[in-house]
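Novice: Could you have a look at this structure, given as structure tokens, before my questions?
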Amino acid sequence: MKKDDILEEFFKALMAHDDFLLSCHISPEGDAIGSILAMESLLRRLGKKTFVVCEDPIPERLRFLSDQRWHLVKDVNLSLTAFKALVTADCPTLDRLGSVKELLTPDTVIFNIDHHISNARFGLHNYIRSDAAASAELVLDIFHCAKLPLTKEEATNLYVAISTDTGSFKFSNTTIHCHRIAAELIGTGIDIEKINDQIYSTFSLNKMNLYSRLLGRVKTSAKGRIAWVGMERRDLKHSGATYEDTEGFIDFLKCLKEVRVAFFMSEMPDGKRVKISFRSRGAYDVNKIATYFQGGGHKKASSCILRVPLKKAEKIVLDRLRKEFVFP
Ligand SMILES: [Mn+2]
């Protein structure tokens, strides 16, 4: 089926339902949040009953998006019988919904909107395009289908989604189409200076202090082609920073001139697991590394979790990188 036919059919199926639960993956980021909030608004404007529920809250730096509609699964007593349909966005598997998955019944009709190449196509209706830089591109397609002009709030949600998934229109997934979409969104009159400042350039002093500790500890190998930092729980305690504050540190680490692969290891709250984020430059596919450790993501940005102490995680990851990649 052609892309347009798939979209039309997806939209038609959506319109056949009246009540929607909307959700995305645990630890939601810009694309998941922006896509779900815009989708919720679209369905509501079309006269549908909607309810957004997620395992985790919107992170602090994205709290300027309208979060009054964002409900945590632990706070709501949902008898799902009222909701016959579920819309997911940016969620590659049902397991990534976390405890929201437990709200589903065998009869729940699932609408799955995503751009992950690894998407498990778990929906009865799937609108998946791995050529899209963000799931929000697909949500915008649905707006076009509905022939609804975007409100400023919806445009802000979609702009944040695409901006964050393309690293502020800098990653290699940024296409002409992304810029055309950005132009359409900016055309609604959204304040991109304010949005960008809030997403990328607003640090607390505690976050600065955390970065300062971590930057004093950068390690490199393979003539600087690999760079990494390990963060212990006590780094957060000493700096007063939060896990959320560590987001973006990996992109900073990748700035090192010679680096081809950078990784950031973060000791998790239980002290028993380590979350590892990868970034790469050039042809190095770090999705392969993350997938090897049962994680995932994209070619140049991925992550996984290892159930070992920090020191051991460092050794395991370095061994894998040296096995998988040849560094000039
Ligand atoms: Mn995404």
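Residue numbering restarts at 1 in every chain; chains get A, B, ... in the order shown in the structure tokens, and ligands count up from 1 in that same order.
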Among segment 276-309 of chain A, which ones does DSSP assign to strand (DSSP E or B) (computed from the backbone)? Answer as a list in words.
Specialist: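 Filtering segment 276-309 of chain A to strand (DSSP E or B) leaves Ile276, Ser277, Phe278, Arg279, Ser280, Gly296, Gly297, Ala301, Ser302, Ser303, Cys304, Ile305 and Leu306 of chain A.
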Novice: Got a sec: who's within 12 Å of Arg322 of chain A, counting only C-alpha atoms, leaving out chain neighbours fewer than 5 positions off, as a tab-separated table (two decimals) with all heavy atoms, in the first residue's frame?
Specialist:
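part-v6.tsv, written as the output of this step:
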chain	number	residue	atom	x	y	z
A	221	SER	N	40.17	6.53	24.91
A	221	SER	CA	40.90	5.34	24.48
A	221	SER	C	40.94	5.37	22.97
A	221	SER	O	40.27	6.21	22.34
A	221	SER	CB	40.16	4.11	25.01
A	221	SER	OG	40.68	2.95	24.44
A	222	ALA	N	41.69	4.44	22.37
A	222	ALA	CA	41.81	4.35	20.91
A	222	ALA	C	42.17	5.71	20.31
A	222	ALA	O	41.48	6.19	19.41
A	222	ALA	CB	40.54	3.77	20.29
A	225	ARG	N	39.45	8.21	20.10
A	225	ARG	CA	38.24	7.91	19.30
A	225	ARG	C	37.07	7.52	20.19
A	225	ARG	O	35.91	7.65	19.82
A	225	ARG	CB	38.49	6.76	18.31
A	225	ARG	CG	39.64	7.01	17.35
A	225	ARG	CD	39.30	8.15	16.42
A	225	ARG	NE	40.17	8.13	15.26
A	225	ARG	CZ	40.82	9.19	14.79
A	225	ARG	NH1	40.72	10.36	15.40
A	225	ARG	NH2	41.57	9.10	13.72
A	226	ILE	N	37.39	6.94	21.34
A	226	ILE	CA	36.33	6.59	22.30
A	226	ILE	C	36.49	7.49	23.52
A	226	ILE	O	37.61	7.68	24.01
A	226	ILE	CB	36.44	5.12	22.77
A	226	ILE	CG1	36.55	4.16	21.59
A	226	ILE	CG2	35.27	4.75	23.67
A	226	ILE	CD1	36.81	2.70	22.00
A	261	VAL	N	33.02	7.51	19.03
A	261	VAL	CA	31.97	6.94	19.88
A	261	VAL	C	32.14	7.47	21.30
A	261	VAL	O	33.23	7.40	21.86
A	261	VAL	CB	32.04	5.39	19.90
A	261	VAL	CG1	31.01	4.83	20.87
A	261	VAL	CG2	31.81	4.82	18.50
A	284	TYR	N	29.76	4.95	12.55
A	284	TYR	CA	29.68	4.02	13.68
A	284	TYR	C	28.24	3.88	14.17
A	284	TYR	O	27.64	4.84	14.62
A	284	TYR	CB	30.61	4.48	14.81
A	284	TYR	CG	32.05	4.51	14.37
A	284	TYR	CD1	32.61	5.67	13.85
A	284	TYR	CD2	32.83	3.35	14.44
A	284	TYR	CE1	33.92	5.68	13.41
A	284	TYR	CE2	34.15	3.36	14.00
A	284	TYR	CZ	34.68	4.53	13.47
A	284	TYR	OH	35.97	4.53	13.03
A	289	ILE	N	25.50	-1.73	19.26
A	289	ILE	CA	26.07	-1.97	20.59
A	289	ILE	C	24.93	-2.07	21.61
A	289	ILE	O	24.87	-3.00	22.41
A	289	ILE	CB	27.01	-0.81	21.00
A	289	ILE	CG1	28.09	-0.59	19.93
A	289	ILE	CG2	27.63	-1.08	22.37
A	289	ILE	CD1	29.13	-1.67	19.86
A	315	LYS	N	34.25	-1.92	31.65
A	315	LYS	CA	35.07	-2.92	30.98
A	315	LYS	C	34.26	-3.66	29.89
A	315	LYS	O	34.72	-3.83	28.77
A	315	LYS	CB	35.60	-3.94	32.02
A	315	LYS	CG	36.64	-4.87	31.41
A	315	LYS	CD	37.13	-5.90	32.39
A	315	LYS	CE	38.04	-6.93	31.72
A	315	LYS	NZ	37.60	-7.44	30.42
A	316	ILE	N	33.03	-4.03	30.24
A	316	ILE	CA	32.18	-4.77	29.30
A	316	ILE	C	31.92	-3.94	28.03
A	316	ILE	O	32.04	-4.44	26.91
A	316	ILE	CB	30.83	-5.14	29.97
A	316	ILE	CG1	31.05	-6.17	31.07
A	316	ILE	CG2	29.84	-5.66	28.94
A	316	ILE	CD1	29.81	-6.46	31.91
A	317	VAL	N	31.61	-2.67	28.23
A	317	VAL	CA	31.28	-1.82	27.08
A	317	VAL	C	32.52	-1.57	26.22
A	317	VAL	O	32.46	-1.67	24.98
A	317	VAL	CB	30.65	-0.48	27.54
A	317	VAL	CG1	30.51	0.48	26.37
A	317	VAL	CG2	29.29	-0.72	28.18
A	327	PHE	N	38.83	1.39	14.77
A	327	PHE	CA	39.07	2.84	14.81
A	327	PHE	C	40.38	3.15	14.10
A	327	PHE	O	41.38	2.54	14.38
A	327	PHE	CB	39.12	3.33	16.26
A	327	PHE	CG	37.81	3.17	16.97
A	327	PHE	CD1	37.59	2.10	17.83
A	327	PHE	CD2	36.80	4.09	16.78
A	327	PHE	CE1	36.38	1.95	18.49
A	327	PHE	CE2	35.57	3.95	17.44
A	327	PHE	CZ	35.37	2.88	18.29
A	328	PRO	N	40.35	4.08	13.15
A	328	PRO	CA	41.56	4.40	12.40
A	328	PRO	C	42.64	5.02	13.30
A	328	PRO	O	42.32	5.65	14.28
A	328	PRO	CB	41.08	5.41	11.36
A	328	PRO	CG	39.85	6.01	11.93
A	328	PRO	CD	39.22	4.95	12.77
Novice: As a CSV table (one decimal) with N, CA and C atoms, in the first residue's frame, please: the residues near Tyr211 of chain A (cut-off 10 Å, only C-alpha atoms, same-chain neighbours under 2 positions excluded).
Specialist:
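The resulting out-v4.csv:
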chain,number,residue,atom,x,y,z
A,205,LEU,N,22.2,25.9,38.8
A,205,LEU,CA,23.6,25.9,39.3
A,205,LEU,C,24.0,24.5,39.7
A,206,ASN,N,23.1,23.7,40.2
A,206,ASN,CA,23.4,22.3,40.6
A,206,ASN,C,23.8,21.5,39.3
A,207,LYS,N,23.1,21.8,38.2
A,207,LYS,CA,23.5,21.0,37.0
A,207,LYS,C,24.9,21.4,36.5
A,208,MET,N,25.2,22.7,36.6
A,208,MET,CA,26.5,23.2,36.2
A,208,MET,C,27.5,22.5,37.1
A,209,ASN,N,27.3,22.4,38.4
A,209,ASN,CA,28.2,21.8,39.3
A,209,ASN,C,28.4,20.3,39.0
A,213,ARG,N,32.0,18.4,37.8
A,213,ARG,CA,32.5,17.1,38.3
A,213,ARG,C,32.8,16.1,37.2
A,214,LEU,N,31.8,15.9,36.4
A,214,LEU,CA,31.9,14.9,35.3
A,214,LEU,C,33.0,15.2,34.3
A,215,LEU,N,33.1,16.5,34.0
A,215,LEU,CA,34.1,16.9,33.0
A,215,LEU,C,35.5,16.7,33.5
A,216,GLY,N,35.7,16.7,34.8
A,216,GLY,CA,37.0,16.5,35.3
A,216,GLY,C,37.4,15.1,35.3
A,217,ARG,N,36.5,14.2,34.7
A,217,ARG,CA,36.7,12.8,34.8
A,217,ARG,C,36.6,12.1,33.5
A,235,ASP,N,27.7,11.4,43.0
A,235,ASP,CA,27.9,12.7,42.2
A,235,ASP,C,26.7,13.6,42.2
A,239,SER,N,26.4,17.3,44.2
A,239,SER,CA,26.2,18.5,43.4
A,239,SER,C,24.7,19.0,43.6
A,241,ALA,N,22.3,17.8,42.0
A,241,ALA,CA,21.6,17.6,40.7
A,241,ALA,C,20.7,16.4,40.7
A,245,ASP,N,19.1,16.0,35.1
A,245,ASP,CA,20.1,17.0,34.8
A,245,ASP,C,21.2,16.3,34.0
A,246,THR,N,21.3,15.0,34.0
A,246,THR,CA,22.4,14.3,33.2
A,246,THR,C,22.1,14.2,31.8
A,249,PHE,N,24.3,15.5,28.7
A,249,PHE,CA,25.8,15.5,29.0
A,249,PHE,C,26.5,14.7,27.9
A,252,PHE,N,27.4,16.6,25.0
A,252,PHE,CA,28.5,17.5,25.3
A,252,PHE,C,29.8,16.7,25.1
Novice: Which residues sit within 9 Å of ligand 1, counting only C-alpha atoms and all ligand atoms, listed as a list of chain:residue names?
Specialist: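 Result of the 9 Å neighbour search around ligand 1: A:Glu29, A:Gly30, A:Asp31, A:Ala32, A:Ser35, A:Ala89, A:Asp90, A:Cys91, A:Asp114, A:His115, A:His116, A:Ala132, A:Ala133, A:Ala134, A:Ser135, A:Ala136, A:Ala161, A:Ile162, A:Thr164, A:Asp165, A:Thr166.
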Novice: Can you write out the residues you just picked, keeping all heavy atoms, as a CSV table (one decimal), in the first residue's frame?
Specialist:
chain,number,residue,atom,x,y,z
A,29,GLU,N,10.5,11.5,26.4
A,29,GLU,CA,11.3,12.7,26.0
A,29,GLU,C,10.5,13.6,25.0
A,29,GLU,O,9.3,13.3,24.8
A,29,GLU,CB,12.7,12.3,25.5
A,29,GLU,CG,12.8,11.0,24.9
A,29,GLU,CD,12.0,10.8,23.7
A,29,GLU,OE1,10.8,10.6,23.7
A,29,GLU,OE2,12.6,10.7,22.6
A,30,GLY,N,11.1,14.5,24.5
A,30,GLY,CA,10.4,15.5,23.7
A,30,GLY,C,9.5,15.0,22.6
A,30,GLY,O,8.3,15.4,22.5
A,31,ASP,N,10.0,14.0,21.8
A,31,ASP,CA,9.1,13.5,20.7
A,31,ASP,C,7.9,12.8,21.2
A,31,ASP,O,6.8,13.0,20.7
A,31,ASP,CB,10.0,12.6,19.8
A,31,ASP,CG,9.2,12.2,18.5
A,31,ASP,OD1,8.3,12.9,18.1
A,31,ASP,OD2,9.6,11.2,18.0
A,32,ALA,N,8.1,11.9,22.2
A,32,ALA,CA,7.0,11.2,22.8
A,32,ALA,C,5.9,12.1,23.4
A,32,ALA,O,4.7,12.0,23.1
A,32,ALA,CB,7.5,10.2,23.8
A,35,SER,N,4.3,14.6,20.6
A,35,SER,CA,3.5,13.8,19.7
A,35,SER,C,2.1,13.4,20.4
A,35,SER,O,1.1,13.6,19.8
A,35,SER,CB,4.1,12.5,19.2
A,35,SER,OG,5.3,12.9,18.5
A,89,ALA,N,2.4,6.8,20.6
A,89,ALA,CA,3.3,7.5,19.7
A,89,ALA,C,4.7,7.4,20.2
A,89,ALA,O,4.9,7.4,21.4
A,89,ALA,CB,2.9,9.0,19.6
A,90,ASP,N,5.6,7.1,19.3
A,90,ASP,CA,7.0,7.0,19.6
A,90,ASP,C,7.4,5.8,20.5
A,90,ASP,O,8.4,5.8,21.2
A,90,ASP,CB,7.5,8.3,20.3
A,90,ASP,CG,9.0,8.5,20.0
A,90,ASP,OD1,9.4,8.4,18.8
A,90,ASP,OD2,9.8,8.9,21.0
A,91,CYS,N,6.5,4.8,20.5
A,91,CYS,CA,6.7,3.6,21.4
A,91,CYS,C,6.9,2.4,20.6
A,91,CYS,O,6.0,1.9,19.9
A,91,CYS,CB,5.4,3.5,22.2
A,91,CYS,SG,5.6,2.3,23.5
A,114,ASP,N,4.6,5.6,14.9
A,114,ASP,CA,6.0,5.6,15.4
A,114,ASP,C,7.0,5.7,14.2
A,114,ASP,O,6.6,5.4,13.0
A,114,ASP,CB,6.3,4.3,16.1
A,114,ASP,CG,7.7,4.3,16.8
A,114,ASP,OD1,8.2,5.4,17.0
A,114,ASP,OD2,8.2,3.2,17.1
A,115,HIS,N,8.2,6.1,14.5
A,115,HIS,CA,9.3,6.2,13.5
A,115,HIS,C,10.5,5.3,13.8
A,115,HIS,O,11.5,5.4,13.1
A,115,HIS,CB,9.7,7.7,13.3
A,115,HIS,CG,10.5,8.2,14.4
A,115,HIS,ND1,11.7,8.8,14.3
A,115,HIS,CD2,10.3,8.2,15.8
A,115,HIS,CE1,12.2,9.2,15.4
A,115,HIS,NE2,11.3,8.8,16.4
A,116,HIS,N,10.4,4.5,14.8
A,116,HIS,CA,11.5,3.6,15.1
A,116,HIS,C,11.5,2.4,14.1
A,116,HIS,O,10.5,1.8,13.9
A,116,HIS,CB,11.4,3.0,16.5
A,116,HIS,CG,11.7,4.0,17.6
A,116,HIS,ND1,10.7,4.8,18.2
A,116,HIS,CD2,12.8,4.3,18.2
A,116,HIS,CE1,11.2,5.5,19.1
A,116,HIS,NE2,12.5,5.3,19.2
A,132,ALA,N,11.0,9.1,8.9
A,132,ALA,CA,10.7,10.3,9.6
A,132,ALA,C,11.7,10.6,10.7
A,132,ALA,O,12.1,9.6,11.4
A,132,ALA,CB,9.3,10.3,10.2
A,133,ALA,N,12.1,11.8,10.9
A,133,ALA,CA,13.1,12.1,12.0
A,133,ALA,C,12.4,12.0,13.4
A,133,ALA,O,13.1,11.8,14.4
A,133,ALA,CB,13.6,13.5,11.8
A,134,ALA,N,11.1,12.2,13.4
A,134,ALA,CA,10.4,12.2,14.7
A,134,ALA,C,9.0,11.6,14.5
A,134,ALA,O,8.4,11.8,13.4
A,134,ALA,CB,10.4,13.6,15.3
A,135,SER,N,8.4,11.1,15.5
A,135,SER,CA,7.1,10.6,15.4
A,135,SER,C,6.1,11.8,15.1
A,135,SER,O,5.1,11.6,14.5
A,135,SER,CB,6.6,9.9,16.7
A,135,SER,OG,7.4,8.7,16.9
A,136,ALA,N,6.5,12.9,15.6
A,136,ALA,CA,5.7,14.1,15.4
A,136,ALA,C,5.5,14.4,13.9
A,136,ALA,O,4.4,15.0,13.6
A,136,ALA,CB,6.4,15.3,16.1
A,161,ALA,N,9.0,18.4,19.7
A,161,ALA,CA,9.2,17.0,19.4
A,161,ALA,C,10.3,16.8,18.3
A,161,ALA,O,11.2,16.0,18.4
A,161,ALA,CB,7.9,16.3,18.9
A,162,ILE,N,10.1,17.6,17.2
A,162,ILE,CA,11.1,17.4,16.1
A,162,ILE,C,12.4,18.0,16.4
A,162,ILE,O,13.5,17.5,16.1
A,162,ILE,CB,10.5,18.1,14.8
A,162,ILE,CG1,9.2,17.3,14.4
A,162,ILE,CG2,11.5,18.1,13.7
A,162,ILE,CD1,8.4,17.9,13.4
A,164,THR,N,13.9,18.2,19.4
A,164,THR,CA,14.6,17.4,20.3
A,164,THR,C,15.1,16.1,19.6
A,164,THR,O,16.2,15.6,19.9
A,164,THR,CB,13.8,17.0,21.6
A,164,THR,OG1,12.5,16.6,21.2
A,164,THR,CG2,13.7,18.2,22.5
A,165,ASP,N,14.3,15.5,18.8
A,165,ASP,CA,14.7,14.3,18.1
A,165,ASP,C,15.8,14.5,17.0
A,165,ASP,O,16.5,13.6,16.6
A,165,ASP,CB,13.5,13.5,17.5
A,165,ASP,CG,13.1,12.3,18.4
A,165,ASP,OD1,13.5,12.3,19.6
A,165,ASP,OD2,12.5,11.4,17.8
A,166,THR,N,16.0,15.7,16.6
A,166,THR,CA,17.0,16.0,15.6
A,166,THR,C,18.2,16.8,16.2
A,166,THR,O,19.0,17.3,15.5
A,166,THR,CB,16.4,16.9,14.4
A,166,THR,OG1,15.9,18.1,15.0
A,166,THR,CG2,15.4,16.2,13.6
Novice: Pick out the residues sitting within 9 Å of segment 45-49 of chain A, and hand them over as JSON, numbers by chain; count only C-alpha atoms, and ignore anything fewer than 4 positions along from it in its own chain.
Specialist: {"A": [15, 17, 18, 19, 20, 21, 40, 41, 83, 146, 148]}
Novice: Give the answer as one residue: which of A:Glu137, A:Asp285, A:Asp107, A:Glu267 has the shortest atom-to-atom distance to Glu314 of chain A, using only C-alpha atoms?
Specialist: A:Glu267
Novice: One decimal, in Å: what's the spacing between atom CA of Ile36 of chain A and atom CA of Cys24 of chain A?
Specialist: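 Answer for the atom CA of Ile36 of chain A to atom CA of Cys24 of chain A separation: 7.1 Å.
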Novice: Do you know which residues are at most 8 Å from Leu37 of chain A counting only C-alpha atoms, after dropping those on the same chain fewer than 2 positions away, and could you put them as a ChimeraX atom specification?
Specialist: /A:33-35,39-41,52,66,154,157
